[in-house]
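Below is one structure, written out as structure tokens, with a few remarks after it.
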Amino acid sequence: MKMLINGAERVVADALRGMAEAHPGLAVDVDNRVITRSDAPVADKVALVSGGGSGHEPLHGGFVGPGMLDAACPGEVFTSPVPDQILRAATSVHGGRGVLFVVKNYTGDVLNFDMAAELAEDEGIEVAKVLVQDDVAVTDSLYTAGRRGTGGTLFVEKLAGAAAEEGAPLDRVAGLARRVADSSRSFGVALGAPSTPAKGGPTFDLPAGELEFGIGIHGEPGRERRAMTGAAEIADVSVAAVLDDLKPTGPLLVLVNGMGGTPLLELYGFHAEVRRALRERGAEVARTLVGNYVTSLDMAGCSVTVCQVDEELLRLWDAPVSTPALRWGR
Amino acid sequence: MKMLINGAERVVADALRGMAEAHPGLAVDVDNRVITRSDAPVADKVALVSGGGSGHEPLHGGFVGPGMLDAACPGEVFTSPVPDQILRAATSVHGGRGVLFVVKNYTGDVLNFDMAAELAEDEGIEVAKVLVQDDVAVTDSLYTAGRRGTGGTLFVEKLAGAAAEEGAPLDRVAGLARRVADSSRSFGVALGAPSTPAKGGPTFDLPAGELEFGIGIHGEPGRERRAMTGAAEIADVSVAAVLDDLKPTGPLLVLVNGMGGTPLLELYGFHAEVRRALRERGAEVARTLVGNYVTSLDMAGCSVTVCQVDEELLRLWDAPVSTPALRWGR
Amino acid sequence: MAQVDAAFLRRWLGRVSEAVGREAGRLTELDSAIGDADHGHNLRRGFDAVAAGLENEPPATPGAVLAFAGRTLISTVGGAAGPLYGTLLRRAGKALGEEREVPDERLGEALRTGVDAVGQLGGAKAGDKTMLDALLPAVAALPDYAAAAQAAREGAEATVALRARKGRASYLGERSEGHMDPGAASSALLFAALAEVAAGE
Amino acid sequence: MAQVDAAFLRRWLGRVSEAVGREAGRLTELDSAIGDADHGHNLRRGFDAVAAGLENEPPATPGAVLAFAGRTLISTVGGAAGPLYGTLLRRAGKALGEEREVPDERLGEALRTGVDAVGQLGGAKAGDKTMLDALLPAVAALPDYAAAAQAAREGAEATVALRARKGRASYLGERSEGHMDPGAASSALLFAALAEVAAGE
Ligand SMILES: Nc1ncnc2c1ncn2[C@@H]1O[C@H](COP(=O)(O)OP(=O)(O)O)[C@@H](O)[C@H]1O
Ligand SMILES: Nc1ncnc2c1ncn2[C@@H]1O[C@H](COP(=O)(O)OP(=O)(O)O)[C@@H](O)[C@H]1O
Ligand SMILES: [Mg+2]
Ligand SMILES: [Mg+2]
Ligand SMILES: [Mg+2]
Ligand SMILES: [Mg+2]
């Protein structure tokens, strides 16, 4: 598998150098692998720190900036960051009002962020944590590590980021973040496997006529293989999965997300089918995002995320945001 | 080859439906395949119309909005739009001060836009045309159809769009657009072929250890095959190709563009190498864009575009723009 | 046969539509080697529309049939081939005027006029590895339909060895050699269909 | 052999580093079947750092060697395995205290303490198809190093039939059956190396 890289070991460091030179609004500590707002620490503001394995770009580094994250810690490809790195991020953006860790629910992420939280508290920084676990493909039971965090992360980071920007205190920002996490549901489908630099090729084989349903964003195989089908049916299945679980009673934010290898042309067409399926089920859509936001390297496929919102959350969604990947208002 | 579609014939229509529901700032005429600013026609403003084959998203539809294009006409995948469609776009956005056609230099695009220009002039609309021909991989000689238009199109559309927004008359907007086109150079590399819906699979075979140098954005094979190499060398070759041709004497806009199938993680790493190569050659970089802007469906690969700017062009670059794919300022 | 009427030309274009439908995959395959893999599918869309339109409201004169077909190709095909083939037929139709029947020679002249217009519009010459390499020998052989079909086929075959100087195949430089030009291949289909319809009379 | 010192543990971890370097591809391959294809490469990065650190500034006590190794794994590996293996060694190191030599039994107890900490941190139990399925039988067999290595290997083999209940393999549900757990496989490497070093004494 050919890749546009200088070698598997250098991928993350090279990408950080490239981000540093691309975005004047970011300060990138390449050696310690921490991306912060260039104006951090912002005094008297709750700081948001997130992170996770690399390979999901623009998540999380592309969401650093006013109105969203204060810092992101990218780990190796598909590998959670280490506690030292998270601690460094927290200390460098802490503006005196505490830090919220936005953590996707994977064993590795949870363990490393928890260790970092202990270290940060040792240094006198108040830390709260929100766990994103929106992927309905995973049964949340004693028999699993719990639901994965995927597309819902974007909603949590945007809405909690907006609340922090407005000056809300840590408990309020954390409470709001948890409310958003609780109101988000995702479901993903893969048409092919991603190729990781470490493996040097696809992480699983997917025969020509088959799809993986209920995939994550780390090149894990999905819950189930099904025969290849069209965009309409994939949308029906995905929408049913998220709505049956969420049972929304109010308007939704909708993210139709590309996994990295699906052309935007196809993603827009898929979005049309998602909207049809939502309409058929009587769901009300307040805002939409279509694009590659929470990716899995070059995986062909897509995911649907919905988040039920009220007036406050909608206002926070519309609030200005200025990051490399999400930018509107002012 | 699996695709997230409902059938090859429906791809473009479905995508337009999906765009219509994704972007309230756009008005999409799905039947006639015309995407316009929802506030078009804007009175007393030169209108910018572009278009070309589909499969290059976000180009052009994603660049419709205040500060950039007034309308885009998407053709079938990799197929120029037809004159009727372009005419309809022109008439629906014409605000009384003429229309500028931004045309990528391909035989099909040139012929169809020229036919549309004749029809529009028959209807009393003043039309000017700028031809984008920035791809240095093609020798511009009697023995070719001339240089292709690729990444430079984004610069032309942004800068001319900003000039139009400021109220400049048609001859000024057209002159500026031509100046930008003349100052832009691109070079692209493919790590694999894209798959088109019509063909149902890759448009060319690329053996494991080889790269295509000097590719376009339509799945055409490149000028030359070379042995696979790392990001650093690919950057060296690309930067040398554009700089040797442009011989810049002033600051540059730089676009490090993904072709659709290369992960953003890799693209950032490649950007780092492009910047190194530019530095080594003494080039000055004023602004940068890294991402998938002018794509070739799911093709793995990248291109480098540079555009020499002066103070006026830099001011126009920084001017507000509000489109699905490019958005800043106000 | 010495005269052609509107029905004859409608039969021709109907048969072209069938042939292009059958061969769309092959034409797109040829275009994928040195182009952008759309030629067959574009032409199929266009000639389907032509055939459907001719069936719905059959024009009464040879000139009107060709003009209608040309306009339809221009507004449905796109790409390079749409305006080129569209112009060919539109100009040929114009040249035929309003008569209800024209002699073979007049059709031949009209098609030559159309092919000249293709040359003017696209700026290509014989040997540039384009549709003209099939079209030019074909119209030169008219009004002998069988000879025209053979000339078009041979002209298309001969493009294999050429280096492209026009269209997107020209981007490939010497790598364009060794492949048949897709537009020349579709032009051969056009004249094969013409010969078949003429032979069937 | 009845006593272990810092040099013994440094030899152990050096050999683990070699084994993980050799087997990184296989471990990542196992992780690609039911995980995210990084386990081998992550551990190699971590144990490379451990080996390099131990060479630069060799700690003088068995406890310090393990504590250093644990801290290094935590700050270089990431993912699930980093904190888990890191905690195992850090806790074991703590349990060994400051003595310069400890009997085999004390090392066994310390490693049992470490493995218990892994269970507490990750919340997994025997049979959940994790590294614990190799670690638990291994530390139970200590201080017999050879028996521990064999128990770890058999424990890893036995994970093939299990359905995962922890870690990302649990997302696969029944599809996780039929594959060896990568963490159990790397645990087997750890105890194989320990037995080799012990046998070499
Ligand atoms: N300038 C030209 N003059 C004549 N024929 C041309 C010219 N450019 C292209 N062609 C013909 O058009 C064919 C390609 O048609 P098509 O694939 O439909 O268009 P596109 O290249 O826009 O995708 C070529 O094979 C060639 O025969
Ligand atoms: N909760 C847990 N308890 C014990 N071991 C676990 C747990 N979760 C995962 N593991 C072990 O970690 C291994 C995966 O490690 P690694 O691939 O490095 O981490 P990640 O899953 O974060 O990519 C699994 O094979 C399993 O043995
Ligand atoms: Mg991992
Ligand atoms: Mg084309
Ligand atoms: Mg073509
Ligand atoms: Mg793993």
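For the structure tokens, the naming scheme is as follows: chains receive sequential letters (A, B, ...) according to their order of presentation, residues are indexed from 1 within each chain, and ligands are indexed from 1 in presentation order.
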
With only C-alpha atoms as the counted atoms, please give the residues lying no more than 7 Å from region 277-284 of chain B, apart from itself and same-chain residues fewer than 5 positions off, as a list in words.
Ala235, Asp236, Val239, Gly250, Pro251 and Leu252 of chain B

To check your reading of the model: which residues sit at most 8 Å from ligand 1 when counting only C-alpha atoms and all ligand atoms? Write the answer as a PyMOL selection string.
(chain B and resi 78-80+106-109+145) or (chain C and resi 28+31+35-40+42-43+77-82+84+118-119+121-125+129-132+166-169+181-185)

Please find the residues of chain A near chain B - the criterion being any atom within 8 Å, counting only C-alpha atoms - and write them as an NGL selection string.
:A and (1-7 or 11-19 or 21-23 or 54-58 or 191 or 208-209 or 228 or 230-232 or 260-273 or 275 or 288-290 or 297-298 or 301 or 327-330)

Residues of region 170-214 of chain A in strand (DSSP E or B) according to DSSP, as a list in words?
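Filtering region 170-214 of chain A to strand (DSSP E or B) leaves Ser184, Arg185, Ser186, Phe187, Gly188, Val189, Ala190, Ser195, Thr196, Gly201, Pro202, Glu210, Leu211, Glu212 and Phe213 of chain A.
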
Please identify all residues of chain A having at least one atom at most 8 Å from any atom of chain D, considering only C-alpha atoms, and return them as a VMD selection string.
chain A and resid 75 to 84 106 to 109 111 to 112 138 to 139 142 to 145 196 198 to 199 203 to 204 218 to 223

Restricted to N, CA and C atoms, what would the selected residues look like written as an mmCIF file, in the first residue's frame?
data_model
loop_
_atom_site.group_PDB
_atom_site.id
_atom_site.type_symbol
_atom_site.label_atom_id
_atom_site.label_comp_id
_atom_site.auth_asym_id
_atom_site.auth_seq_id
_atom_site.Cartn_x
_atom_site.Cartn_y
_atom_site.Cartn_z
ATOM 1 N N GLY A 75 -2.193 11.088 19.510
ATOM 2 C CA GLY A 75 -1.334 9.932 19.746
ATOM 3 C C GLY A 75 -0.779 9.406 18.434
ATOM 4 N N GLU A 76 -0.097 8.274 18.500
ATOM 5 C CA GLU A 76 0.282 7.597 17.271
ATOM 6 C C GLU A 76 -0.991 7.226 16.519
ATOM 7 N N VAL A 77 -0.854 6.740 15.297
ATOM 8 C CA VAL A 77 -2.027 6.387 14.505
ATOM 9 C C VAL A 77 -2.874 5.349 15.247
ATOM 10 N N PHE A 78 -4.118 5.682 15.474
ATOM 11 C CA PHE A 78 -5.099 4.821 16.149
ATOM 12 C C PHE A 78 -4.663 4.426 17.563
ATOM 13 N N THR A 79 -3.794 5.218 18.179
ATOM 14 C CA THR A 79 -3.309 4.896 19.519
ATOM 15 C C THR A 79 -3.505 6.099 20.431
ATOM 16 N N SER A 80 -4.184 5.898 21.547
ATOM 17 C CA SER A 80 -4.423 7.008 22.464
ATOM 18 C C SER A 80 -3.123 7.697 22.851
ATOM 19 N N PRO A 81 -3.203 8.984 23.133
ATOM 20 C CA PRO A 81 -2.025 9.714 23.607
ATOM 21 C C PRO A 81 -1.615 9.216 24.986
ATOM 22 N N VAL A 82 -0.426 9.619 25.434
ATOM 23 C CA VAL A 82 0.076 9.181 26.737
ATOM 24 C C VAL A 82 -0.206 10.259 27.779
ATOM 25 N N PRO A 83 -0.229 9.866 29.036
ATOM 26 C CA PRO A 83 -0.625 10.819 30.097
ATOM 27 C C PRO A 83 0.248 12.071 30.140
ATOM 28 N N ASP A 84 1.559 11.940 29.939
ATOM 29 C CA ASP A 84 2.461 13.091 30.005
ATOM 30 C C ASP A 84 2.025 14.184 29.041
ATOM 31 N N TYR A 106 -12.847 4.674 24.641
ATOM 32 C CA TYR A 106 -12.038 3.509 24.297
ATOM 33 C C TYR A 106 -11.179 3.226 25.510
ATOM 34 N N THR A 107 -10.917 1.964 25.769
ATOM 35 C CA THR A 107 -10.138 1.601 26.944
ATOM 36 C C THR A 107 -8.865 2.442 27.053
ATOM 37 N N GLY A 108 -8.143 2.526 25.941
ATOM 38 C CA GLY A 108 -6.876 3.250 25.968
ATOM 39 C C GLY A 108 -7.059 4.726 26.275
ATOM 40 N N ASP A 109 -8.019 5.348 25.627
ATOM 41 C CA ASP A 109 -8.248 6.776 25.873
ATOM 42 C C ASP A 109 -8.648 7.012 27.315
ATOM 43 N N LEU A 111 -8.075 5.187 30.009
ATOM 44 C CA LEU A 111 -6.984 4.958 30.967
ATOM 45 C C LEU A 111 -5.971 6.096 30.933
ATOM 46 N N ASN A 112 -5.596 6.511 29.746
ATOM 47 C CA ASN A 112 -4.563 7.549 29.654
ATOM 48 C C ASN A 112 -5.071 8.905 30.135
ATOM 49 N N VAL A 138 -22.423 -0.648 18.953
ATOM 50 C CA VAL A 138 -21.884 -1.437 20.055
ATOM 51 C C VAL A 138 -22.942 -1.558 21.145
ATOM 52 N N THR A 139 -23.230 -2.776 21.529
ATOM 53 C CA THR A 139 -24.138 -2.990 22.641
ATOM 54 C C THR A 139 -23.438 -2.513 23.899
ATOM 55 N N LEU A 142 -22.395 -5.397 30.023
ATOM 56 C CA LEU A 142 -21.263 -5.953 30.748
ATOM 57 C C LEU A 142 -20.318 -6.688 29.820
ATOM 58 N N TYR A 143 -20.793 -7.023 28.645
ATOM 59 C CA TYR A 143 -20.008 -7.876 27.758
ATOM 60 C C TYR A 143 -19.211 -7.105 26.727
ATOM 61 N N THR A 144 -19.158 -5.793 26.871
ATOM 62 C CA THR A 144 -18.339 -4.998 25.963
ATOM 63 C C THR A 144 -17.616 -3.922 26.770
ATOM 64 N N ALA A 145 -16.706 -3.236 26.084
ATOM 65 C CA ALA A 145 -16.033 -2.097 26.707
ATOM 66 C C ALA A 145 -16.943 -0.873 26.675
ATOM 67 N N THR A 196 -3.209 1.315 7.505
ATOM 68 C CA THR A 196 -2.412 2.041 8.487
ATOM 69 C C THR A 196 -0.939 1.970 8.113
ATOM 70 N N ALA A 198 1.537 1.525 10.097
ATOM 71 C CA ALA A 198 2.206 0.444 10.830
ATOM 72 C C ALA A 198 2.000 -0.896 10.130
ATOM 73 N N LYS A 199 0.791 -1.138 9.712
ATOM 74 C CA LYS A 199 0.515 -2.408 9.040
ATOM 75 C C LYS A 199 0.966 -2.373 7.591
ATOM 76 N N THR A 203 -6.442 -2.981 7.054
ATOM 77 C CA THR A 203 -6.531 -3.660 8.349
ATOM 78 C C THR A 203 -7.497 -4.834 8.326
ATOM 79 N N PHE A 204 -8.348 -4.907 7.318
ATOM 80 C CA PHE A 204 -9.134 -6.122 7.137
ATOM 81 C C PHE A 204 -9.449 -6.292 5.659
ATOM 82 N N HIS A 218 -11.403 2.989 13.690
ATOM 83 C CA HIS A 218 -10.028 2.536 13.882
ATOM 84 C C HIS A 218 -9.699 1.342 13.020
ATOM 85 N N GLY A 219 -10.435 1.177 11.916
ATOM 86 C CA GLY A 219 -10.160 0.039 11.062
ATOM 87 C C GLY A 219 -10.521 -1.283 11.704
ATOM 88 N N GLU A 220 -11.285 -1.236 12.820
ATOM 89 C CA GLU A 220 -11.813 -2.493 13.346
ATOM 90 C C GLU A 220 -12.859 -3.003 12.366
ATOM 91 N N PRO A 221 -12.960 -4.314 12.214
ATOM 92 C CA PRO A 221 -14.098 -4.816 11.447
ATOM 93 C C PRO A 221 -15.383 -4.407 12.164
ATOM 94 N N GLY A 222 -16.506 -4.432 11.449
ATOM 95 C CA GLY A 222 -17.776 -4.027 12.050
ATOM 96 C C GLY A 222 -18.457 -5.165 12.778
ATOM 97 N N ARG A 223 -19.701 -4.912 13.163
ATOM 98 C CA ARG A 223 -20.478 -5.933 13.860
ATOM 99 C C ARG A 223 -20.895 -7.033 12.911
#

With chain C held fixed, move chain D onto it by a least-squares fit of all C-alpha atoms in order and give the output as a tab-separated table (two decimals) with C-alpha atoms, in the first residue's frame.
chain	number	residue	atom	x	y	z
D	1	MET	CA	-30.58	4.09	-53.79
D	2	ALA	CA	-30.20	7.64	-54.95
D	3	GLN	CA	-32.34	9.72	-52.60
D	4	VAL	CA	-32.45	9.93	-48.82
D	5	ASP	CA	-35.39	11.15	-46.79
D	6	ALA	CA	-36.07	11.95	-43.15
D	7	ALA	CA	-37.05	8.36	-42.36
D	8	PHE	CA	-33.72	7.11	-43.67
D	9	LEU	CA	-31.80	9.46	-41.40
D	10	ARG	CA	-34.03	8.61	-38.46
D	11	ARG	CA	-33.25	4.94	-39.07
D	12	TRP	CA	-29.58	5.83	-39.22
D	13	LEU	CA	-29.58	7.68	-35.92
D	14	GLY	CA	-31.70	4.99	-34.30
D	15	ARG	CA	-29.13	2.43	-35.31
D	16	VAL	CA	-26.30	4.63	-34.06
D	17	SER	CA	-28.10	4.83	-30.75
D	18	GLU	CA	-28.27	1.02	-30.61
D	19	ALA	CA	-24.63	0.64	-31.57
D	20	VAL	CA	-23.44	3.22	-29.06
D	21	GLY	CA	-25.58	1.59	-26.38
D	22	ARG	CA	-24.00	-1.76	-27.19
D	23	GLU	CA	-20.47	-0.41	-27.39
D	24	ALA	CA	-20.57	2.19	-24.59
D	25	GLY	CA	-18.42	0.03	-22.34
D	26	ARG	CA	-15.77	-0.45	-24.99
D	27	LEU	CA	-15.67	3.25	-25.85
D	28	THR	CA	-15.35	4.19	-22.20
D	29	GLU	CA	-12.62	1.59	-21.83
D	30	LEU	CA	-10.72	3.14	-24.74
D	31	ASP	CA	-11.17	6.55	-23.13
D	32	SER	CA	-9.91	5.21	-19.84
D	33	ALA	CA	-6.56	4.30	-21.40
D	34	ILE	CA	-5.76	7.78	-22.72
D	35	GLY	CA	-8.58	9.95	-21.41
D	36	ASP	CA	-11.06	10.18	-18.58
D	37	ALA	CA	-13.24	7.11	-19.03
D	38	ASP	CA	-16.49	8.75	-20.05
D	39	HIS	CA	-16.75	8.79	-23.83
D	40	GLY	CA	-19.07	5.80	-24.24
D	41	HIS	CA	-21.38	6.77	-21.45
D	42	ASN	CA	-21.59	10.36	-22.63
D	43	LEU	CA	-22.46	9.35	-26.18
D	44	ARG	CA	-25.00	6.81	-25.01
D	45	ARG	CA	-26.79	9.48	-22.98
D	46	GLY	CA	-26.79	11.76	-26.03
D	47	PHE	CA	-27.90	9.28	-28.66
D	48	ASP	CA	-30.54	7.86	-26.33
D	49	ALA	CA	-31.96	11.38	-26.16
D	50	VAL	CA	-31.70	11.75	-29.94
D	51	ALA	CA	-33.51	8.46	-30.55
D	52	ALA	CA	-36.22	9.26	-28.02
D	53	GLY	CA	-36.73	12.75	-29.45
D	54	LEU	CA	-36.92	11.49	-33.02
D	55	GLU	CA	-39.53	8.97	-32.00
D	56	ASN	CA	-41.68	11.47	-30.12
D	57	GLU	CA	-41.74	14.20	-32.71
D	58	PRO	CA	-40.20	12.91	-35.93
D	59	PRO	CA	-38.99	15.88	-38.01
D	60	ALA	CA	-40.16	15.72	-41.61
D	61	THR	CA	-37.06	16.72	-43.56
D	62	PRO	CA	-33.55	15.25	-43.64
D	63	GLY	CA	-32.14	18.64	-42.65
D	64	ALA	CA	-34.44	18.91	-39.66
D	65	VAL	CA	-33.56	15.41	-38.48
D	66	LEU	CA	-29.84	16.17	-38.45
D	67	ALA	CA	-30.29	19.63	-36.96
D	68	PHE	CA	-32.45	18.22	-34.19
D	69	ALA	CA	-29.93	15.46	-33.50
D	70	GLY	CA	-27.09	17.98	-33.40
D	71	ARG	CA	-28.89	20.28	-30.98
D	72	THR	CA	-29.80	17.36	-28.78
D	73	LEU	CA	-26.22	16.12	-28.62
D	74	ILE	CA	-25.00	19.61	-27.73
D	75	SER	CA	-27.45	19.91	-24.89
D	76	THR	CA	-27.09	16.42	-23.44
D	77	VAL	CA	-23.57	15.07	-23.99
D	78	GLY	CA	-21.15	17.67	-22.65
D	79	GLY	CA	-17.39	17.11	-22.73
D	80	ALA	CA	-15.51	17.50	-25.99
D	81	ALA	CA	-17.57	15.04	-27.98
D	82	GLY	CA	-20.91	16.75	-27.33
D	83	PRO	CA	-20.15	20.06	-29.04
D	84	LEU	CA	-18.08	18.35	-31.75
D	85	TYR	CA	-20.58	15.68	-32.83
D	86	GLY	CA	-23.40	18.12	-32.19
D	87	THR	CA	-21.85	20.69	-34.47
D	88	LEU	CA	-21.18	18.06	-37.13
D	89	LEU	CA	-24.84	17.09	-37.35
D	90	ARG	CA	-26.24	20.59	-36.88
D	91	ARG	CA	-24.13	22.03	-39.68
D	92	ALA	CA	-24.88	19.07	-41.91
D	93	GLY	CA	-28.55	19.57	-41.23
D	94	LYS	CA	-28.35	23.25	-42.03
D	95	ALA	CA	-26.55	22.45	-45.28
D	96	LEU	CA	-29.38	20.14	-46.33
D	97	GLY	CA	-31.91	22.95	-46.22
D	98	GLU	CA	-35.64	22.26	-46.20
D	99	GLU	CA	-36.03	19.67	-48.91
D	100	ARG	CA	-37.99	16.48	-48.19
D	101	GLU	CA	-35.63	14.29	-50.19
D	102	VAL	CA	-32.03	14.81	-51.19
D	103	PRO	CA	-29.73	12.75	-53.36
D	104	ASP	CA	-26.91	10.74	-51.73
D	105	GLU	CA	-24.40	13.23	-53.11
D	106	ARG	CA	-26.10	16.07	-51.22
D	107	LEU	CA	-25.97	14.10	-47.96
D	108	GLY	CA	-22.28	13.43	-48.55
D	109	GLU	CA	-21.61	17.12	-49.14
D	110	ALA	CA	-23.59	18.08	-46.06
D	111	LEU	CA	-21.66	15.67	-43.88
D	112	ARG	CA	-18.40	16.98	-45.35
D	113	THR	CA	-19.52	20.47	-44.32
D	114	GLY	CA	-20.26	19.15	-40.86
D	115	VAL	CA	-16.88	17.50	-40.55
D	116	ASP	CA	-15.18	20.69	-41.71
D	117	ALA	CA	-16.99	22.49	-38.92
D	118	VAL	CA	-15.63	19.95	-36.44
D	119	GLY	CA	-12.14	20.78	-37.66
D	120	GLN	CA	-12.75	24.48	-37.30
D	121	LEU	CA	-14.31	24.21	-33.86
D	122	GLY	CA	-11.70	21.94	-32.35
D	123	GLY	CA	-8.71	23.10	-34.34
D	124	ALA	CA	-7.56	19.55	-35.04
D	125	LYS	CA	-6.09	18.25	-38.28
D	126	ALA	CA	-5.72	14.80	-39.80
D	127	GLY	CA	-3.14	12.86	-37.84
D	128	ASP	CA	-3.82	14.56	-34.49
D	129	LYS	CA	-5.40	11.32	-33.22
D	130	THR	CA	-8.97	12.51	-32.94
D	131	MET	CA	-12.35	11.63	-34.35
D	132	LEU	CA	-11.29	13.51	-37.47
D	133	ASP	CA	-8.97	10.65	-38.38
D	134	ALA	CA	-12.04	8.53	-38.92
D	135	LEU	CA	-14.41	11.27	-40.06
D	136	LEU	CA	-12.26	12.82	-42.79
D	137	PRO	CA	-11.60	9.63	-44.81
D	138	ALA	CA	-15.21	8.57	-44.28
D	139	VAL	CA	-16.81	11.70	-45.71
D	140	ALA	CA	-14.23	11.67	-48.52
D	141	ALA	CA	-15.52	8.25	-49.57
D	142	LEU	CA	-19.19	9.33	-49.62
D	143	PRO	CA	-21.61	8.83	-51.30
D	144	ASP	CA	-20.29	5.24	-51.30
D	145	TYR	CA	-21.63	4.28	-47.88
D	146	ALA	CA	-19.83	0.96	-47.63
D	147	ALA	CA	-16.53	2.55	-48.61
D	148	ALA	CA	-17.12	5.32	-46.07
D	149	ALA	CA	-17.70	2.80	-43.31
D	150	GLN	CA	-14.53	0.97	-44.24
D	151	ALA	CA	-12.54	4.20	-44.41
D	152	ALA	CA	-13.79	5.24	-40.99
D	153	ARG	CA	-12.89	1.87	-39.52
D	154	GLU	CA	-9.42	1.97	-41.04
D	155	GLY	CA	-8.97	5.56	-39.96
D	156	ALA	CA	-9.85	4.60	-36.41
D	157	GLU	CA	-7.45	1.65	-36.51
D	158	ALA	CA	-4.71	3.93	-37.77
D	159	THR	CA	-5.05	6.20	-34.72
D	160	VAL	CA	-3.51	3.45	-32.59
D	161	ALA	CA	-0.03	4.34	-33.81
D	162	LEU	CA	-0.48	8.10	-33.57
D	163	ARG	CA	0.57	10.49	-30.84
D	164	ALA	CA	-2.30	12.70	-29.72
D	165	ARG	CA	-2.05	16.42	-30.33
D	166	LYS	CA	-5.57	17.44	-29.37
D	167	GLY	CA	-8.00	16.62	-26.59
D	168	ARG	CA	-6.98	15.23	-23.26
D	169	ALA	CA	-5.01	12.37	-24.76
D	170	SER	CA	-2.46	14.99	-25.78
D	171	TYR	CA	-1.51	15.42	-22.10
D	172	LEU	CA	0.03	11.99	-22.22
D	173	GLY	CA	2.55	12.86	-24.90
D	174	GLU	CA	4.19	9.70	-26.20
D	175	ARG	CA	2.23	7.59	-23.71
D	176	SER	CA	-0.82	8.21	-25.91
D	177	GLU	CA	0.71	5.99	-28.60
D	178	GLY	CA	-0.51	2.41	-28.86
D	179	HIS	CA	-4.15	3.10	-28.04
D	180	MET	CA	-7.08	3.72	-30.37
D	181	ASP	CA	-8.66	7.14	-30.05
D	182	PRO	CA	-12.12	6.74	-28.52
D	183	GLY	CA	-13.68	9.48	-30.67
D	184	ALA	CA	-12.33	7.87	-33.82
D	185	ALA	CA	-13.79	4.57	-32.64
D	186	SER	CA	-17.22	6.11	-32.13
D	187	SER	CA	-17.01	7.82	-35.52
D	188	ALA	CA	-16.43	4.41	-37.05
D	189	LEU	CA	-19.63	3.24	-35.38
D	190	LEU	CA	-21.54	6.16	-36.93
D	191	PHE	CA	-20.46	5.28	-40.44
D	192	ALA	CA	-20.91	1.54	-39.94
D	193	ALA	CA	-24.49	2.26	-38.99
D	194	LEU	CA	-24.96	4.48	-42.02
D	195	ALA	CA	-23.70	1.74	-44.33
D	196	GLU	CA	-25.97	-0.83	-42.69
D	197	VAL	CA	-29.03	1.36	-43.08
D	198	ALA	CA	-28.11	2.12	-46.67
D	199	ALA	CA	-27.56	-1.57	-47.42
D	200	GLY	CA	-30.91	-2.44	-45.88
D	201	GLU	CA	-32.75	-0.20	-48.37

For the structure I just gave you, how does DSSP split chain C - specifically, which residues are helix (DSSP H, G or I)? Reply as a ChimeraX atom specification.
/C:6-34,39-56,62-76,81-96,104-122,132-141,145-161,168-176,182-200

Nearest to ligand 4 by atom-to-atom distance, counting only C-alpha atoms and all ligand atoms, from B:Val237, B:Ala163, B:Ile217, B:Ala40:
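Closest to ligand 4 of all the choices is B:Ile217.
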
List the neighbours of Leu170 (chain B) out to 12 Å using only C-alpha atoms; skip same-chain residues closer than 4 positions along the sequence, and give me the result as a ChimeraX atom specification.
/B:44-48,94-101,125-130,160-161,163-166,174-177

Closest to ligand 6 among A:Asn257, A:Ala90, A:Asp134, A:Gly53, using only C-alpha atoms and all ligand atoms?
A:Gly53

Determine the nearest neighbour of ligand 4 from the options B:Gly167, B:Gly67, B:Gly152, B:Gly52, counting only C-alpha atoms and all ligand atoms.
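Among the listed residues, the smallest separation from ligand 4 belongs to B:Gly52.
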